[in-house]
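Chemist: Following this message is one structure expressed as structure tokens.
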Amino acid sequence: MPDSAQHDAQTIHVLLEEGRAFKPSAAFTAQANAADKDIYERAEKDPEGFWASFAEELDWHKKWDKVLEWESPDAKWFVGGKINACYNCVDRHVQNGKRNKAALIWEGEPGEKRTLTYWDVYREVNKFANALKGLGIKKGDRVAIYLPMVPELIISVLACARIGAVHSVVFAGFSPEALAERINDAEAKLLITADGGFRRGMIIPLKHDADFALINTPSIESVVIVKRGDFPLRVKEGRDHWYHRLMQEADNYCEPEWMDSEDMLYILYTSGTTGKPKGIVHTTGGYLVGTYATSKLVFDLKPEDVFWCTADVGWVTGHSYLVYGPMANGATQVIYEGAPDWPDRDRFWQIVENNGVTVFYTAPTAIRAFMRWGEDEPDRHDLSTLRLLGSVGEPINPEAWMWYHKHIGGEKCPIVDTWWQTETGAIMITPLPGLTTTKPGSATRPFPGIKAEIRTDSGEVVEQGGGYLALTRPWPSMLRGIYGDPERFRDTYWTKWKDGAYFTGDGAKRDADGYFWVLGRVDDVINIAGHRLSTMEVESAFVDHPDVVETAVVGVADEIKGQAIAAFVTLREGVEMDDRLEERLKEHVVRKIGAIARPRQILFSAELPKTRSGKIMRRLLRDIASGRVPGDTSTLADPTVVEKLKRRYEED
Ligand code: 7RM
């Protein structure tokens with residue numbers, strides 16, 4: 001087979017055309033942190049020097065001897081350097097004129113507001129670090145954190161970093177079993193939780209739930225309970241301690257532990273292809289450099305900005321762009337505890353208006369929900385302070401991008417569609433808002449210093465077209481391992497190609513301008529009569545129809561074509577579902593993509609099964625559409641959705 005034919009056979013056929021492009025305004029570029037196009041070339045010529053220039057902007061206890069030691073898959077960044085992440089996020093701002101600057105502006109779901117200056121965070125973090133020490137926590141010990149989105153969550157994370165304890169944050173929406181599994185895998189010695197947290201006006205009884213987990217977690221010696229409300233719970237004498245009581249007795253200052261650049265900072269669990277979650281390991285110096293640099297250039301953070309990243313600290317986005325990146329930059333941030341539709345569907349826009357948010361970072365799944373709720377909600381609010389918008393977590397379909405641009409950004413804010421993973425630690429593919437012409441649906445280009453490629457199975461580089469997304473040069477915030485499982489680390493990420501490049505697990509295409517279009521996980525690829533179609537492209541075509549708000553497309557077995565398309569579709573509120581609409585939607589997809597993309601079946605559903613971080617679980621939809629018993633549903637935000645869908649599907 002000639003080379004080109006092989007390429008064709010192996011790469012994803014991208015059929016959806018997206019022609020719109022948005023150039024940054026001259027005014028934005030003039031004030032941008034990254035305003036000089038040479039930055040790409042400079043970084044390309046000397047990536048290590050480029051990263052080191054950001055490391056220079058952090059405070060090191062001892063400077064590194066060497067920027068990088070690399071032998072796939074093992075990386076060491078800023079070798080020999082000594083640094084403390086908490087010191088860089090807090091102390092240095094207190095010393096450098098930001099003592100009274102707001103660090104965290106927190107809104108609880110019921111409506112209370114707390115503002116903590118950098119000084120306040122400094123005081124709290126020092127005391128809590130001492131409290132942890134008092135409970136026997138030492139450098140290298142693992143601490144599990146199971147908290148709602150309250151300031152104490154960020155304080156806990158930073159207090160661990162201060163004393164060199166490894167934090168393992170478990171999203172408060174996870175079940176007691178999931179918590180126990182994560183505690184046991186990391187052999188955590190201490191758990192920080194709360195009496196409860198608010199979600200859509202209800203109370204999630206976290207300590208009560210944690211008590212179930214704690215039945216089977218032999219490594220846990222102590223529990224710290226943050227008092228969020230006045231929720232009933234049982235305190236186990238000797239093991240359980242109230243946060244506020246510990247703080248009353250704690251000393252004011254705790255010397256930061258000077259960590260080796262490669263000492264572990266945290267573990268964060270993420271789901272893989274098997275049932276067992278992977279404990280992704282990040283270390284200190286390189287991670288801080290990566291999150292610091294990307295926060296500065298991608299979010300263009302300035303002292304006067306009010307940054308709002310809507311992610312929970314339970315996800316990597318919260319770790320990198322709520323805690324470490326923005327705080328290393330000395331930013332002022334909004335944190336919101338609750339749901340976007342509580343008490344009403346304009347809560348987010350109320351928060352933007354009240355706090356004068358300037359930079360807003362959220363996920364496509366949220367944007368699609370806002371679309372569904374209609375533009376009246378944002379239109380009722382003054383969003384004129386916004387100057388930059390971001391997206392993360394999934395491919396953003398062009399229609400959602402355009403809606404975000406128009407109704408949230410007032411057609412004046414650049415949008416940074418940021419591609420990255422728990423494993424990459426920091427943003428990898430993204431526009432730089434003052435430099436990059438954006439195209440709706442494309443994450444555009446690798447961040448300076450990052451090298452990404454599209455590759456075939458056999459490792460050939462695809463200059464234009466589709467294939468697997470690979471990262472082919474080490475970067476400072478890269479994962480250093482899977483906790484306790486070096487073999488899985490190697491097999492999952494580093495052995496797909498002979499040269500030891502990093503396999504992302506995502507499919508992507510590159511267009512004629514060299515822009516990257518991330519299409520989603522490679523197992524989200526459908527193969528119809530030899531044509532590989534990305535589920536995302538079919539989904540984009542659906543969502544382009546005015547009656548459709550959200551959709552998930554999966555491949556089902558087809559005798560003739562190998563696979564056919566089954567679509568799960570959520571309609572805009574008030575739209576009637578009937579056979580005629582079904583036919584019109586099929587026609588619409590055919591018009592957008594071509595006849596090979598004609599869906600075989602459409603199931604209308606008000607809800608889709610999603611993980612708690614908002615990613616649609618296509619694996620479960622594939623099970624339903626193929627008549628199999630749906631697999632593990634324990635990571636779903638609402639496991640009942642699957643049963644409902646299954647029943648509906650069988651009736652259909
Ligand atoms: C940050 C985060 C990682 C996976 C990744 C992709 C998908 C994330 C984008 C995206 C297209 C984006 N970490 N993904 N961002 N796909 N465009 N801008 O989400 O570990 O939870 O997920 O998310 O599939 O591999 S994560």
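In the structure tokens, each chain is lettered A, B, ... as it comes, each chain's residues begin at 1, and ligands are numbered from 1 in order of appearance.
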Counting only C-alpha atoms and all ligand atoms, which residues in chain A sit no more than 6 Å from ligand 1? For each one, give the nearest pair of atoms and the distance in Å, sorted by chain then residue number, as JSON lines.

Modeler:
{"residue": "A:Thr317", "atom": "CA", "partner": "ligand 1", "partner_atom_place_in_ligand_line": "1 (C)", "distance": 5.4}
{"residue": "A:Val392", "atom": "CA", "partner": "ligand 1", "partner_atom_place_in_ligand_line": "15 (N)", "distance": 4.4}
{"residue": "A:Gly393", "atom": "CA", "partner": "ligand 1", "partner_atom_place_in_ligand_line": "8 (C)", "distance": 3.5}
{"residue": "A:Glu394", "atom": "CA", "partner": "ligand 1", "partner_atom_place_in_ligand_line": "10 (C)", "distance": 3.7}
{"residue": "A:Pro395", "atom": "CA", "partner": "ligand 1", "partner_atom_place_in_ligand_line": "11 (C)", "distance": 3.3}
{"residue": "A:Asp417", "atom": "CA", "partner": "ligand 1", "partner_atom_place_in_ligand_line": "18 (N)", "distance": 4.9}
{"residue": "A:Thr418", "atom": "CA", "partner": "ligand 1", "partner_atom_place_in_ligand_line": "18 (N)", "distance": 4.2}
{"residue": "A:Trp419", "atom": "CA", "partner": "ligand 1", "partner_atom_place_in_ligand_line": "18 (N)", "distance": 3.6}
{"residue": "A:Trp420", "atom": "CA", "partner": "ligand 1", "partner_atom_place_in_ligand_line": "1 (C)", "distance": 4.9}
{"residue": "A:Gln421", "atom": "CA", "partner": "ligand 1", "partner_atom_place_in_ligand_line": "13 (N)", "distance": 3.5}
{"residue": "A:Thr422", "atom": "CA", "partner": "ligand 1", "partner_atom_place_in_ligand_line": "20 (O)", "distance": 3.7}
{"residue": "A:Ala443", "atom": "CA", "partner": "ligand 1", "partner_atom_place_in_ligand_line": "18 (N)", "distance": 5.8}
{"residue": "A:Asp506", "atom": "CA", "partner": "ligand 1", "partner_atom_place_in_ligand_line": "25 (O)", "distance": 5.5}
{"residue": "A:Val518", "atom": "CA", "partner": "ligand 1", "partner_atom_place_in_ligand_line": "11 (C)", "distance": 4.8}
{"residue": "A:Gly520", "atom": "CA", "partner": "ligand 1", "partner_atom_place_in_ligand_line": "24 (O)", "distance": 4.5}
{"residue": "A:Arg521", "atom": "CA", "partner": "ligand 1", "partner_atom_place_in_ligand_line": "24 (O)", "distance": 4.9}

Chemist: Selection from above, N, CA and C atoms, as an mmCIF file, in the first residue's frame, can you write it?

Modeler:
data_model
loop_
_atom_site.group_PDB
_atom_site.id
_atom_site.type_symbol
_atom_site.label_atom_id
_atom_site.label_comp_id
_atom_site.auth_asym_id
_atom_site.auth_seq_id
_atom_site.Cartn_x
_atom_site.Cartn_y
_atom_site.Cartn_z
ATOM 1 N N THR A 317 -8.445 20.833 37.007
ATOM 2 C CA THR A 317 -8.602 22.242 36.629
ATOM 3 C C THR A 317 -8.599 23.133 37.867
ATOM 4 N N VAL A 392 -12.701 24.490 28.799
ATOM 5 C CA VAL A 392 -11.875 23.315 29.064
ATOM 6 C C VAL A 392 -12.729 22.098 29.383
ATOM 7 N N GLY A 393 -12.211 20.924 29.062
ATOM 8 C CA GLY A 393 -12.817 19.682 29.531
ATOM 9 C C GLY A 393 -13.316 18.778 28.429
ATOM 10 N N GLU A 394 -13.671 19.364 27.311
ATOM 11 C CA GLU A 394 -14.251 18.611 26.209
ATOM 12 C C GLU A 394 -14.040 19.436 24.955
ATOM 13 N N PRO A 395 -14.194 18.799 23.804
ATOM 14 C CA PRO A 395 -14.234 19.624 22.604
ATOM 15 C C PRO A 395 -15.444 20.562 22.709
ATOM 16 N N ASP A 417 -9.746 28.242 24.104
ATOM 17 C CA ASP A 417 -10.186 26.849 24.218
ATOM 18 C C ASP A 417 -8.920 26.065 24.560
ATOM 19 N N THR A 418 -8.837 25.613 25.811
ATOM 20 C CA THR A 418 -7.584 25.070 26.335
ATOM 21 C C THR A 418 -7.645 23.555 26.414
ATOM 22 N N TRP A 419 -6.787 22.883 25.669
ATOM 23 C CA TRP A 419 -6.724 21.416 25.754
ATOM 24 C C TRP A 419 -5.601 21.008 26.700
ATOM 25 N N TRP A 420 -5.953 20.159 27.642
ATOM 26 C CA TRP A 420 -4.939 19.570 28.527
ATOM 27 C C TRP A 420 -5.593 18.452 29.317
ATOM 28 N N GLN A 421 -4.833 17.795 30.185
ATOM 29 C CA GLN A 421 -5.312 16.623 30.914
ATOM 30 C C GLN A 421 -4.798 16.645 32.360
ATOM 31 N N THR A 422 -5.421 15.836 33.201
ATOM 32 C CA THR A 422 -4.890 15.635 34.551
ATOM 33 C C THR A 422 -3.404 15.308 34.456
ATOM 34 N N ALA A 443 -8.631 24.210 19.467
ATOM 35 C CA ALA A 443 -7.777 24.684 20.567
ATOM 36 C C ALA A 443 -6.537 25.382 20.006
ATOM 37 N N ASP A 506 -6.187 10.845 22.983
ATOM 38 C CA ASP A 506 -7.136 11.652 22.212
ATOM 39 C C ASP A 506 -6.847 11.551 20.721
ATOM 40 N N VAL A 518 -9.063 19.006 18.526
ATOM 41 C CA VAL A 518 -9.109 17.793 19.339
ATOM 42 C C VAL A 518 -10.505 17.198 19.211
ATOM 43 N N GLY A 520 -11.638 14.280 20.694
ATOM 44 C CA GLY A 520 -12.119 13.460 21.806
ATOM 45 C C GLY A 520 -11.298 12.192 21.929
ATOM 46 N N ARG A 521 -11.663 11.413 22.922
ATOM 47 C CA ARG A 521 -10.919 10.174 23.187
ATOM 48 C C ARG A 521 -10.964 9.277 21.958
#

Chemist: If you run DSSP on the backbone here, which positions in region 72-184 of chain A get alpha helix (DSSP H)? Please write them as a VMD selection string.

Modeler: chain A and resid 85 to 86 92 to 95 118 to 134 151 to 163 176 to 184

Chemist: Write out the residues from the selection above, keeping N, CA and C atoms, as a CSV table (one decimal), in the first residue's frame.

Modeler:
chain,number,residue,atom,x,y,z
A,85,ALA,N,5.8,25.3,47.2
A,85,ALA,CA,4.7,25.7,46.4
A,85,ALA,C,3.9,26.7,47.2
A,86,CYS,N,3.6,26.4,48.5
A,86,CYS,CA,2.8,27.3,49.3
A,86,CYS,C,3.5,28.7,49.5
A,92,ARG,N,5.2,35.0,49.4
A,92,ARG,CA,5.9,36.1,48.6
A,92,ARG,C,5.0,37.2,48.2
A,93,HIS,N,3.7,37.0,48.1
A,93,HIS,CA,2.8,38.1,47.8
A,93,HIS,C,2.6,39.0,49.1
A,94,VAL,N,2.6,38.3,50.2
A,94,VAL,CA,2.5,39.1,51.5
A,94,VAL,C,3.7,40.0,51.6
A,95,GLN,N,4.8,39.5,51.2
A,95,GLN,CA,6.1,40.3,51.4
A,95,GLN,C,6.2,41.4,50.3
A,118,TYR,N,-4.5,38.1,50.8
A,118,TYR,CA,-3.4,37.2,50.9
A,118,TYR,C,-2.9,37.1,52.3
A,119,TRP,N,-3.0,38.2,53.1
A,119,TRP,CA,-2.6,38.1,54.5
A,119,TRP,C,-3.5,37.1,55.2
A,120,ASP,N,-4.8,37.1,55.0
A,120,ASP,CA,-5.7,36.2,55.6
A,120,ASP,C,-5.3,34.7,55.3
A,121,VAL,N,-5.1,34.5,54.0
A,121,VAL,CA,-4.7,33.2,53.6
A,121,VAL,C,-3.4,32.7,54.3
A,122,TYR,N,-2.5,33.7,54.3
A,122,TYR,CA,-1.2,33.4,54.9
A,122,TYR,C,-1.4,33.0,56.4
A,123,ARG,N,-2.1,33.7,57.1
A,123,ARG,CA,-2.4,33.4,58.5
A,123,ARG,C,-3.0,32.0,58.7
A,124,GLU,N,-4.1,31.8,57.9
A,124,GLU,CA,-4.8,30.6,58.0
A,124,GLU,C,-4.0,29.3,57.6
A,125,VAL,N,-3.2,29.5,56.6
A,125,VAL,CA,-2.4,28.4,56.1
A,125,VAL,C,-1.3,28.0,57.0
A,126,ASN,N,-0.7,29.1,57.6
A,126,ASN,CA,0.4,28.8,58.6
A,126,ASN,C,-0.2,28.0,59.8
A,127,LYS,N,-1.3,28.5,60.3
A,127,LYS,CA,-1.9,27.9,61.5
A,127,LYS,C,-2.3,26.4,61.2
A,128,PHE,N,-2.9,26.3,60.0
A,128,PHE,CA,-3.4,24.9,59.7
A,128,PHE,C,-2.2,24.0,59.5
A,129,ALA,N,-1.2,24.5,58.9
A,129,ALA,CA,0.0,23.7,58.7
A,129,ALA,C,0.5,23.2,60.0
A,130,ASN,N,0.5,24.1,61.0
A,130,ASN,CA,1.0,23.7,62.4
A,130,ASN,C,0.0,22.7,63.0
A,131,ALA,N,-1.3,22.9,62.7
A,131,ALA,CA,-2.3,21.9,63.2
A,131,ALA,C,-2.0,20.5,62.7
A,132,LEU,N,-1.7,20.5,61.4
A,132,LEU,CA,-1.5,19.2,60.7
A,132,LEU,C,-0.2,18.5,61.3
A,133,LYS,N,0.8,19.4,61.5
A,133,LYS,CA,2.0,18.8,62.2
A,133,LYS,C,1.7,18.3,63.6
A,134,GLY,N,0.9,19.0,64.3
A,134,GLY,CA,0.5,18.6,65.6
A,134,GLY,C,-0.2,17.2,65.6
A,151,PRO,N,-13.4,28.1,51.4
A,151,PRO,CA,-12.0,28.5,51.4
A,151,PRO,C,-11.0,27.5,52.1
A,152,GLU,N,-11.6,26.8,53.1
A,152,GLU,CA,-10.8,25.8,53.8
A,152,GLU,C,-10.2,24.7,52.9
A,153,LEU,N,-10.9,24.5,51.8
A,153,LEU,CA,-10.4,23.5,50.8
A,153,LEU,C,-9.0,24.0,50.3
A,154,ILE,N,-9.0,25.2,49.9
A,154,ILE,CA,-7.7,25.8,49.3
A,154,ILE,C,-6.7,25.9,50.4
A,155,ILE,N,-7.1,26.3,51.6
A,155,ILE,CA,-6.2,26.4,52.7
A,155,ILE,C,-5.6,25.1,53.1
A,156,SER,N,-6.4,24.0,53.0
A,156,SER,CA,-5.9,22.7,53.3
A,156,SER,C,-4.9,22.2,52.3
A,157,VAL,N,-5.2,22.5,51.0
A,157,VAL,CA,-4.2,22.1,50.0
A,157,VAL,C,-2.9,22.8,50.2
A,158,LEU,N,-3.0,24.1,50.4
A,158,LEU,CA,-1.7,24.9,50.6
A,158,LEU,C,-1.0,24.5,51.9
A,159,ALA,N,-1.8,24.2,52.9
A,159,ALA,CA,-1.1,23.8,54.2
A,159,ALA,C,-0.3,22.5,54.0
A,160,CYS,N,-0.9,21.6,53.3
A,160,CYS,CA,-0.2,20.3,53.0
A,160,CYS,C,1.1,20.7,52.2
A,161,ALA,N,1.0,21.5,51.2
A,161,ALA,CA,2.2,21.9,50.4
A,161,ALA,C,3.2,22.5,51.3
A,162,ARG,N,2.8,23.3,52.2
A,162,ARG,CA,3.7,24.0,53.1
A,162,ARG,C,4.6,23.1,53.9
A,163,ILE,N,4.0,22.0,54.4
A,163,ILE,CA,4.8,21.1,55.2
A,163,ILE,C,5.3,19.9,54.4
A,176,PRO,N,-18.8,7.3,49.3
A,176,PRO,CA,-17.9,6.8,50.3
A,176,PRO,C,-17.0,5.7,49.8
A,177,GLU,N,-17.5,4.8,48.9
A,177,GLU,CA,-16.7,3.7,48.4
A,177,GLU,C,-15.5,4.3,47.6
A,178,ALA,N,-15.9,5.3,46.7
A,178,ALA,CA,-14.8,5.9,45.9
A,178,ALA,C,-13.8,6.6,46.8
A,179,LEU,N,-14.2,7.2,47.9
A,179,LEU,CA,-13.3,7.8,48.8
A,179,LEU,C,-12.4,6.8,49.5
A,180,ALA,N,-13.0,5.7,49.9
A,180,ALA,CA,-12.2,4.7,50.6
A,180,ALA,C,-11.2,4.1,49.7
A,181,GLU,N,-11.6,3.9,48.4
A,181,GLU,CA,-10.6,3.3,47.4
A,181,GLU,C,-9.4,4.2,47.3
A,182,ARG,N,-9.7,5.5,47.2
A,182,ARG,CA,-8.6,6.5,47.0
A,182,ARG,C,-7.7,6.6,48.2
A,183,ILE,N,-8.4,6.6,49.4
A,183,ILE,CA,-7.6,6.7,50.6
A,183,ILE,C,-6.7,5.5,50.7
A,184,ASN,N,-7.2,4.3,50.4
A,184,ASN,CA,-6.4,3.1,50.6
A,184,ASN,C,-5.3,3.0,49.6

Chemist: Skipping near chain neighbours, those fewer than 3 positions away, what residues fall within 12 Å of Glu576 (chain A) using only C-alpha atoms, listed as an mmCIF file with C-alpha atoms, in the first residue's frame?

Modeler:
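Contents of around-v1.cif, freshly written:
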data_model
loop_
_atom_site.group_PDB
_atom_site.id
_atom_site.type_symbol
_atom_site.label_atom_id
_atom_site.label_comp_id
_atom_site.auth_asym_id
_atom_site.auth_seq_id
_atom_site.Cartn_x
_atom_site.Cartn_y
_atom_site.Cartn_z
ATOM 1 C CA ASP A 547 -33.877 22.614 18.347
ATOM 2 C CA VAL A 548 -30.971 20.612 19.785
ATOM 3 C CA THR A 570 -31.562 16.594 24.360
ATOM 4 C CA LEU A 571 -33.947 19.125 22.842
ATOM 5 C CA ARG A 572 -34.363 22.765 23.698
ATOM 6 C CA GLU A 573 -37.071 23.267 26.271
ATOM 7 C CA ASP A 579 -41.020 11.357 14.088
ATOM 8 C CA ARG A 580 -40.952 14.350 11.791
ATOM 9 C CA LEU A 581 -38.381 16.082 13.958
ATOM 10 C CA GLU A 582 -36.344 12.883 14.032
ATOM 11 C CA PHE A 604 -34.663 11.897 22.718
ATOM 12 C CA SER A 605 -33.750 12.323 26.348
ATOM 13 C CA ALA A 606 -33.844 15.223 28.788
#

Chemist: Considering only C-alpha atoms, return as JSON, numbers by chain whatever protein or nucleic-acid residues lie within 8 Å of Thr635 (chain A), sequence-local ones (same chain, fewer than 3 positions apart) excluded.

Modeler: {"A": [174, 611, 612, 632]}

Chemist: So, with only C-alpha atoms as the atoms that count, which of A:Gly285, A:Gly19, A:Gly80, A:Gly627 lies closest to Phe54 (chain A)?

Modeler: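 Looking at the shortest contact to Phe54 (chain A), the residue is A:Gly285.
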
Chemist: Compare A:Tyr40, A:Trp373, A:Tyr287, A:Tyr321 by their minimum atom-to-atom distance to Leu479 (chain A), counting only C-alpha atoms, and give me the closest one.

Modeler: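 Smallest distance to Leu479 (chain A) is found for A:Tyr287.
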
Chemist: Give the answer as one residue: which of A:Lys236, A:His545, A:Lys646, A:Arg345 has the shortest atom-to-atom distance to Leu620 (chain A), using only C-alpha atoms?

Modeler: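 Closest to Leu620 (chain A), using only C-alpha atoms: A:Lys646.
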
Chemist: Counting only C-alpha atoms, which residue out of A:Ala470, A:Ile145, A:Val522, A:Leu297 sits closest to Asn329 (chain A)?

Modeler: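 The closest residue to Asn329 (chain A) is A:Leu297.
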
Chemist: Write out as number ranges by chain each polymer residue whose atoms come within 8 Å of Leu147 (chain A), counting only C-alpha atoms; drop sequence neighbours fewer than 4 positions from it.

Modeler: A: 153, 170-172, 192-194, 197, 206

Chemist: Using the selection just defined, write its residues with N, CA, C and O atoms as a PDB file, in the first residue's frame.

Modeler:
ATOM      1  N   LEU A 153     -10.874  24.486  51.776  1.00  0.00           N
ATOM      2  CA  LEU A 153     -10.358  23.497  50.821  1.00  0.00           C
ATOM      3  C   LEU A 153      -9.013  23.985  50.268  1.00  0.00           C
ATOM      4  O   LEU A 153      -8.023  23.245  50.219  1.00  0.00           O
ATOM      5  N   VAL A 170     -10.234  14.438  46.957  1.00  0.00           N
ATOM      6  CA  VAL A 170     -11.278  13.594  46.389  1.00  0.00           C
ATOM      7  C   VAL A 170     -12.532  14.456  46.270  1.00  0.00           C
ATOM      8  O   VAL A 170     -13.007  15.009  47.271  1.00  0.00           O
ATOM      9  N   PHE A 171     -13.018  14.623  45.066  1.00  0.00           N
ATOM     10  CA  PHE A 171     -14.197  15.453  44.802  1.00  0.00           C
ATOM     11  C   PHE A 171     -15.326  15.070  45.756  1.00  0.00           C
ATOM     12  O   PHE A 171     -15.638  13.875  45.929  1.00  0.00           O
ATOM     13  N   ALA A 172     -15.947  16.080  46.365  1.00  0.00           N
ATOM     14  CA  ALA A 172     -16.947  15.833  47.405  1.00  0.00           C
ATOM     15  C   ALA A 172     -18.207  15.149  46.865  1.00  0.00           C
ATOM     16  O   ALA A 172     -19.034  14.671  47.635  1.00  0.00           O
ATOM     17  N   ILE A 192      -9.286  15.228  55.735  1.00  0.00           N
ATOM     18  CA  ILE A 192      -9.918  16.511  56.054  1.00  0.00           C
ATOM     19  C   ILE A 192     -11.279  16.526  55.365  1.00  0.00           C
ATOM     20  O   ILE A 192     -11.368  16.350  54.147  1.00  0.00           O
ATOM     21  N   THR A 193     -12.334  16.703  56.153  1.00  0.00           N
ATOM     22  CA  THR A 193     -13.673  16.735  55.567  1.00  0.00           C
ATOM     23  C   THR A 193     -14.480  17.835  56.253  1.00  0.00           C
ATOM     24  O   THR A 193     -13.924  18.660  56.975  1.00  0.00           O
ATOM     25  N   ALA A 194     -15.777  17.886  55.992  1.00  0.00           N
ATOM     26  CA  ALA A 194     -16.627  18.920  56.586  1.00  0.00           C
ATOM     27  C   ALA A 194     -17.900  18.274  57.098  1.00  0.00           C
ATOM     28  O   ALA A 194     -18.244  17.158  56.688  1.00  0.00           O
ATOM     29  N   GLY A 197     -21.942  20.162  52.933  1.00  0.00           N
ATOM     30  CA  GLY A 197     -21.778  21.171  51.894  1.00  0.00           C
ATOM     31  C   GLY A 197     -23.119  21.375  51.217  1.00  0.00           C
ATOM     32  O   GLY A 197     -23.995  20.500  51.303  1.00  0.00           O
ATOM     33  N   LEU A 206     -21.202  15.348  54.362  1.00  0.00           N
ATOM     34  CA  LEU A 206     -19.903  14.767  54.011  1.00  0.00           C
ATOM     35  C   LEU A 206     -19.298  13.913  55.113  1.00  0.00           C
ATOM     36  O   LEU A 206     -18.796  12.824  54.864  1.00  0.00           O
TER      37      LEU A 206
END

Chemist: I'd like the contact shell of Val416 (chain A) - 7 Å cut-off, only C-alpha atoms, skipping same-chain residues fewer than 6 positions apart - returned as a PyMOL selection string.

Modeler: chain A and resi 389-391+430-431+433

Chemist: Between CA of Gly279 (chain A) and CA of Leu214 (chain A), what is the spacing in Å?

Modeler: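 Distance between the two atoms: 19.4 Å.
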
Chemist: Point out the residue among A:Val334, A:Leu268, A:Ala213, A:Leu68 with the least atom-to-atom distance to Trp106 (chain A), counting only C-alpha atoms.

Modeler: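 Answer, going by the shortest atom-to-atom distance: A:Val334.
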
Chemist: From the list A:Ile267, A:Leu533, A:Ala512, A:Ile39, which residue is nearest Thr436 (chain A) when using only C-alpha atoms?

Modeler: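 Looking only at the distances to Thr436 (chain A), the closest residue turns out to be A:Ile39.
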
Chemist: So the first atom is CA of Lys496 (chain A) and the second is CA of Ser442 (chain A); what is the distance between them in Å, to one decimal place?

Modeler: 25.1 Å

Chemist: For CA of Trp475 (chain A) and CA of Ile450 (chain A), quote the distance in Å rounded to one decimal.

Modeler: 6.7 Å

Chemist: Skip Val538 (chain A) itself and residues of its chain fewer than 6 positions away, then list as a PyMOL selection string all residues within 8 Å of it, counting only C-alpha atoms.

Modeler: chain A and resi 553+589+593+597
